[in-house]
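Trainee: One structure coming up, written as structure tokens, with questions to follow.
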Amino acid sequence: MGIACAPSALGTAAGADLPAIEVRNITKRFRDDVPPALDDLSIVVPQGVIYGILGPNGAGKTTLLSILCGLLKPTAGTVRLAGHETLSPEVKRMLGVVPQEPAIYPTLTGRENLEYFGRMQGLRGSRLAERIEACLQIAEIGDQADRRVEHYSGGYKRRLNLVIGLIHEPRILILDEPTVAIDPHSRSLIHQRLRELHAAGVTILLTTHYMEEAEQLCHQVAIMSRGRVAVEGDVHALLARHRDDSIQISLDRDPPSNLAQALQGLPSVGDVNLSGRCLTATAPHPLEATLALLQTLGEHGVGVESLDYGHASLERIFLIYTGEDARP
Ligand SMILES: Nc1ncnc2c1ncn2[C@@H]1O[C@H](COP(=O)(O)OP(=O)(O)O)[C@@H](O)[C@H]1O
Ligand SMILES: [Mg+2]
């Protein structure tokens, strides 16, 4: 496995506490007659985290990444990578970029693509050969290394695209929708590799419109909507802050006619709704209320098929802050 990178963060000791990425008040206007693609947007990505930029299509995610890697100039605002405002060759070497559309040469083989991009990053000789082998292993595409990329499946292309971004062992990795529209095996392999890179000290910034993916993978997120950050923060803290106060219980039989009234009278339970075999209730303290509900159900001879409470998801948080549905 060739993922291990030097554990020291982004270079100099003095840089150890600097954020990996700082975006300050970025605005990007493509045209004067439409709202800006990015509107006074600021985010700070600390070193060593997996940071997710979430948002539906058109939110401005790709525009932001294009500015970060120097492909687009902002209309206003500043970007710093490891404290540097200019994308000097040294800073560029720190950065790995994985675009959404595989940027690979279809008529070259996987190995030749890696060699080409490795040379572009200044690698030569045994170091280049070593990195090519490591990348083929990381992407698990060794069996097709000497086939032309035009014959690769979509998943293989995306995996090759990923390791091209890793060929020079960047300290900061930026990925645009790395798992959109790929097979489940490639998706879980990419997740696993990103976790390994994180464990090796690499800072990862990725965009996604899959809220569940972000929940599983990211430590911090910024939820974007129409060029702005709607909410930003630590994923666990966000989920904890937005725990749903509703309880859902599926009953194992049709409820007796006096059940609804008995449930309404429970002191720890707020609104109760009984619809067929589905019981929903709100409660400020869901655990206490759930126990009271279960006891009352038992007293009425009704059993439980499933129970859910205190659920929170980024999808719901997205909806709360943007008023938009996260699903594309
Ligand atoms: N090169 C461009 N020229 C004009 N408008 C653009 C260009 N790139 C993006 N946009 C517009 O900027 C907005 C954000 O797009 P984008 O950054 O691609 O969003 P996302 O990646 O979140 O789907 C969209 O309204 C899009 O149409
Ligand atoms: Mg995009």
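Labels for the structure tokens follow display order: chains A, B, ..., residues from 1 in each chain, ligands from 1.
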Restrict the calculation to only C-alpha atoms, then for each residue of region 143-261 of chain A with any atom at most 6 Å from an atom of region 91-98 of chain A give the closest atom pair and their distance in Å to one decimal, rows by chain and rising residue number, as JSON lines.
Mentor:
{"residue": "A:Leu162", "atom": "CA", "partner": "A:Val98", "partner_atom": "CA", "distance": 5.8}
{"residue": "A:Gly165", "atom": "CA", "partner": "A:Gly96", "partner_atom": "CA", "distance": 4.8}
{"residue": "A:Pro170", "atom": "CA", "partner": "A:Met94", "partner_atom": "CA", "distance": 4.8}
{"residue": "A:Arg171", "atom": "CA", "partner": "A:Met94", "partner_atom": "CA", "distance": 5.2}
{"residue": "A:Ile172", "atom": "CA", "partner": "A:Leu95", "partner_atom": "CA", "distance": 5.0}
{"residue": "A:Leu173", "atom": "CA", "partner": "A:Gly96", "partner_atom": "CA", "distance": 4.6}
{"residue": "A:Ile174", "atom": "CA", "partner": "A:Val97", "partner_atom": "CA", "distance": 4.9}
{"residue": "A:Leu175", "atom": "CA", "partner": "A:Val98", "partner_atom": "CA", "distance": 4.6}
Trainee: Would you mind exporting C-alpha atoms of the selected residues as a JSON list (two decimals), in the first residue's frame?
Mentor:
[["chain", "number", "residue", "atom", "x", "y", "z"],
["A", 162, "LEU", "CA", -8.33, 9.64, -8.18],
["A", 165, "GLY", "CA", -4.45, 13.37, -8.23],
["A", 170, "PRO", "CA", -0.10, 15.92, -2.07],
["A", 171, "ARG", "CA", -0.73, 17.22, 1.45],
["A", 172, "ILE", "CA", -4.06, 18.74, 0.46],
["A", 173, "LEU", "CA", -6.43, 16.79, -1.77],
["A", 174, "ILE", "CA", -9.38, 18.46, -3.47],
["A", 175, "LEU", "CA", -12.04, 16.28, -5.10]]
Trainee: List as a list in words the protein and nucleic acid residues near region 203-217 of chain A, meaning an atom at most 6 Å away when only C-alpha atoms are counted, but skip any in the same chain fewer than 6 places from it.
Mentor: Gln47, Gly48, Val49, Ile50, Tyr51, Gly52, Ile53, Leu54, Gly55, Pro56, Ile172, Leu173, Ile174, Leu175, Asp176, Glu177, Leu314 and Glu315 of chain A
Trainee: Let me see the file: selected residues, C-alpha atoms, as an mmCIF file, in the first residue's frame.
Mentor:
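Final file, part_31.cif:
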data_model
loop_
_atom_site.group_PDB
_atom_site.id
_atom_site.type_symbol
_atom_site.label_atom_id
_atom_site.label_comp_id
_atom_site.auth_asym_id
_atom_site.auth_seq_id
_atom_site.Cartn_x
_atom_site.Cartn_y
_atom_site.Cartn_z
ATOM 1 C CA GLN A 47 -5.288 20.698 8.565
ATOM 2 C CA GLY A 48 -5.920 16.992 8.668
ATOM 3 C CA VAL A 49 -9.708 16.904 8.356
ATOM 4 C CA ILE A 50 -12.068 15.551 5.739
ATOM 5 C CA TYR A 51 -14.166 18.566 4.868
ATOM 6 C CA GLY A 52 -17.308 18.301 2.756
ATOM 7 C CA ILE A 53 -18.813 21.041 0.655
ATOM 8 C CA LEU A 54 -22.427 20.007 0.266
ATOM 9 C CA GLY A 55 -25.096 21.384 -1.949
ATOM 10 C CA PRO A 56 -27.401 20.642 -4.837
ATOM 11 C CA ILE A 172 -4.060 18.744 0.463
ATOM 12 C CA LEU A 173 -6.426 16.795 -1.772
ATOM 13 C CA ILE A 174 -9.379 18.462 -3.471
ATOM 14 C CA LEU A 175 -12.039 16.277 -5.096
ATOM 15 C CA ASP A 176 -15.138 17.310 -7.022
ATOM 16 C CA GLU A 177 -18.002 14.829 -6.569
ATOM 17 C CA LEU A 314 -27.618 16.079 7.182
ATOM 18 C CA GLU A 315 -30.439 15.749 4.689
#
Trainee: If you take only C-alpha atoms and all ligand atoms and a cut-off of 8 Å, which residues of chain A touch ligand 2, and what are their nearest atom pairs and distances in Å to one decimal, in chain and number order, as CSV?
Mentor:
residue,atom,partner,partner_atom_place_in_ligand_line,distance
A:Asn57,CA,ligand 2,1 (Mg),6.3
A:Gly58,CA,ligand 2,1 (Mg),6.9
A:Ala59,CA,ligand 2,1 (Mg),8.0
A:Gly60,CA,ligand 2,1 (Mg),6.9
A:Lys61,CA,ligand 2,1 (Mg),5.4
A:Thr62,CA,ligand 2,1 (Mg),4.1
A:Thr63,CA,ligand 2,1 (Mg),7.3
A:Gln100,CA,ligand 2,1 (Mg),7.4
A:Asp176,CA,ligand 2,1 (Mg),6.7
A:Glu177,CA,ligand 2,1 (Mg),7.1
A:Thr207,CA,ligand 2,1 (Mg),7.8
Trainee: Quick one, how far is CA of Leu307 (chain A) from CA of Gly233 (chain A)?
Mentor: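 Value for the CA of Leu307 (chain A)-CA of Gly233 (chain A) distance: 29.3 Å.
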Trainee: From the list A:Val180, A:Ala20, A:Glu90, A:Arg159, which residue is nearest ligand 1 when using only C-alpha atoms and all ligand atoms?
Mentor: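 Of A:Val180, A:Ala20, A:Glu90, A:Arg159, the one nearest ligand 1 is A:Val180, counting only C-alpha atoms and all ligand atoms.
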Trainee: Do a neighbour search on Val149 (chain A) at 8 Å with only C-alpha atoms, toss out local chain neighbours closer than 4 positions, and write the hits as a PyMOL selection string.
Mentor: chain A and resi 104-110+157
Trainee: To one decimal in Å, tell me the separation between CA of Glu22 (chain A) and CA of Gly77 (chain A).
Mentor: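 Here the two named atoms are 10.7 Å from each other.
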Trainee: Would you please work out which residue, of A:Arg228, A:Arg243, A:His311, A:His198, is nearest to Asn25 (chain A) when using only C-alpha atoms?
Mentor: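 Using only C-alpha atoms, Asn25 (chain A) sits closest to A:Arg228.
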